[in-house]
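To start, the structure under review is shown below, and the notes come after it.
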Amino acid sequence: MLSTPPAPESSFPYHPGSLLSVLDLTVEDVSRLLARATALEHMDPLIRDHILLKRRVALLFYESSTRTRTSFELACKALGVDTTLVSNLSSSIEKGESLKDTGLTLRALGAEAIILRHNSSGAPWLLEASTRLPVISAGDGMHEHPTQALLDLRTLLAHLRPGSGAVNEQTLAGVTVAIVGDILHSRVARSNMLLLPRLGARVLLCGPKELLPEQAARSGPGIEIERDFEATLRQSQAVMMLRIQAERLAGLQLDIEEFKARYQLTGQKLAAFAPSALVLHPGPIIRGMEITAGVADGPQSVILEQVTNGLAIRMAVVERALTATQGGRA
């Protein structure tokens with residue numbers, strides 16, 4: 001199911017430091033996290049690494065990851081946090097241990113927060129309900145990837161609204177962000193669809209019907225579908241390309257050559273239809289599929305800036321997880 005309804009009144013998240021969805025954050029929360037990310041990024045490392053000295057965080061990864069896992073680990077260490085990495089291939093998970101029991105074990109060993117990547121949508125909620133620890137979602141199934149949306153926002157603001165300071169509901173008014181490719185299976189797309197329109201942006205979705213059902217246009221205000229890639233590029237100040245998630249296609253038939261002909265971002269298309277647009281990609285990039293090497297490495301690409309911004313954003317999110325209190329934010 002692609003569309004996500006407004007967050008209902010519930011007891012989730014149990015812990016105010018948890019980040020399970022971008023819907024857990026108000027616009028004011030987003031603004032504070034962005035400001036804190038900048039402050040931490042510019043702080044003297046010798047001072048910064050005492051902020052959370054010897055606190056304990058577990059990184060629990062059921063799926064492979066390069067950018068997200070590494071940046072979370074480096075973010076923790078930059079704040080002085082002790083980390084332990086648990087993967088499904090090097091733990092009792094491989095023997096069939098449940099997520100609940102793994103989480104309870106980590107809590108019993110002294111973990112004060114858990115950063116979770118899981119192949120099942122909703123897993124962070126289950127883990128938080130079981131452990132009552134602050135849980136940070138590092139991506140759950142086809143649901144969400146909240147810190148990716150935050151780092152994407154930071155990247156967009158740096159180029160489209162430089163020096164904007166605090167953000168509000170109109171900060172991205174007049175900006176169209178295109179998301180192109182495999183939107184059906186993308187938790188990155190979903191988190192951006194839930195976040196960017198709240199700051200005034202228009203989100204334009206583009207892709208074949210197999211990877212972008214019509215119901216996506218009903219996901220919320222500020223979201224539209226445009227099947228014509230060239231028309232999408234003409235309207236956009238930023239273009240986020242997504243890889244085809246072959247591991248989630250589950251027998252879905254897709255003509256790869258037709259997809260490349262219609263939706264691959266090439267240097268020629270970029271120059272002709274969006275000569276000043278930013279080019280984003282959450283990674284991993286499949287060069288020659290959704291994007292050519294020349295575009296990925298070209299002057300309009302901010303892909304590596306996204307990676308760098310991930311470190312700053314995740315420092316702020318980890319600090320929030322370990323300092324928030326039940327009576328409010330620390």
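Note on naming: chains are A, B, ... as they come in the structure tokens, residues start from 1 per chain, ligands start from 1 in the order shown.
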Per residue of region 221-253 of chain A within 9 Å of region 289-310 of chain A, which atom pair is closest and at what distance in Å (one decimal), using only C-alpha atoms, listed by chain and increasing number, as CSV?
```
residue,atom,partner,partner_atom,distance
A:Met241,CA,A:Glu290,CA,6.7
A:Leu242,CA,A:Glu290,CA,6.8
A:Arg243,CA,A:Glu290,CA,5.9
A:Ile244,CA,A:Glu290,CA,7.6
```
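Residue nearest Gly163 (chain A) within the list A:Ala35, A:Val30, A:Val57, A:Leu195: A:Ala35 [criterion: smallest interatomic distance, only C-alpha atoms].
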Taking the backbone alone, and naming residues the way the document does, which bits of region 89-177 of chain A are strand (DSSP E or B) by DSSP, as a short mmCIF file (atom, residue, chain, number, x, y, z; two decimals) with N, CA and C atoms, in the first residue's frame?
```
data_model
loop_
_atom_site.label_atom_id
_atom_site.label_comp_id
_atom_site.auth_asym_id
_atom_site.auth_seq_id
_atom_site.Cartn_x
_atom_site.Cartn_y
_atom_site.Cartn_z
N ALA A 113 19.67 2.79 23.46
CA ALA A 113 18.88 3.11 22.27
C ALA A 113 19.25 2.09 21.20
N ILE A 114 18.33 1.88 20.26
CA ILE A 114 18.58 0.94 19.17
C ILE A 114 18.28 1.62 17.84
N ILE A 115 19.21 1.49 16.92
CA ILE A 115 19.02 1.96 15.55
C ILE A 115 18.72 0.73 14.71
N LEU A 116 17.55 0.68 14.09
CA LEU A 116 17.08 -0.54 13.44
C LEU A 116 16.85 -0.35 11.95
N ARG A 117 17.43 -1.26 11.18
CA ARG A 117 17.03 -1.44 9.77
C ARG A 117 16.48 -2.83 9.63
N HIS A 118 15.28 -2.92 9.04
CA HIS A 118 14.61 -4.21 8.97
C HIS A 118 13.87 -4.32 7.64
N VAL A 135 13.97 4.11 19.84
CA VAL A 135 14.31 3.38 18.62
C VAL A 135 14.35 4.37 17.46
N ILE A 136 15.39 4.29 16.67
CA ILE A 136 15.52 5.11 15.46
C ILE A 136 15.40 4.20 14.26
N SER A 137 14.45 4.48 13.41
CA SER A 137 14.30 3.69 12.20
C SER A 137 15.36 4.08 11.18
N ALA A 138 16.11 3.09 10.74
CA ALA A 138 17.09 3.28 9.66
C ALA A 138 16.56 2.69 8.37
N GLY A 139 15.22 2.55 8.30
CA GLY A 139 14.56 1.99 7.13
C GLY A 139 13.85 0.71 7.47
N ASP A 140 12.54 0.67 7.22
CA ASP A 140 11.77 -0.55 7.51
C ASP A 140 10.96 -0.95 6.29
N GLU A 144 9.22 3.43 5.57
CA GLU A 144 9.83 4.75 5.70
C GLU A 144 11.33 4.67 5.96
N THR A 176 9.48 22.64 -6.74
CA THR A 176 8.99 21.33 -7.17
C THR A 176 10.14 20.34 -7.12
N VAL A 177 9.92 19.27 -6.37
CA VAL A 177 10.90 18.19 -6.26
C VAL A 177 10.33 16.97 -6.96
#
```
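Among A:Gln253, A:Gln237, A:Asn168, A:Gln264, the residue with the shortest atom-to-atom distance to Val279 (chain A), counting only C-alpha atoms, is A:Gln237.
Residues in contact with Asp228 (chain A) at 12 Å, where only C-alpha atoms are counted and same-chain residues fewer than 4 positions away are skipped, are listed as Ala178, Val180, Gly181, Leu204, Leu205, Cys206, Gly207, Pro208, Lys209, Thr232, Leu233, Arg234, Gln235, Phe259, Ala261, Arg262, Tyr263, Gln264 and Phe273 of chain A.
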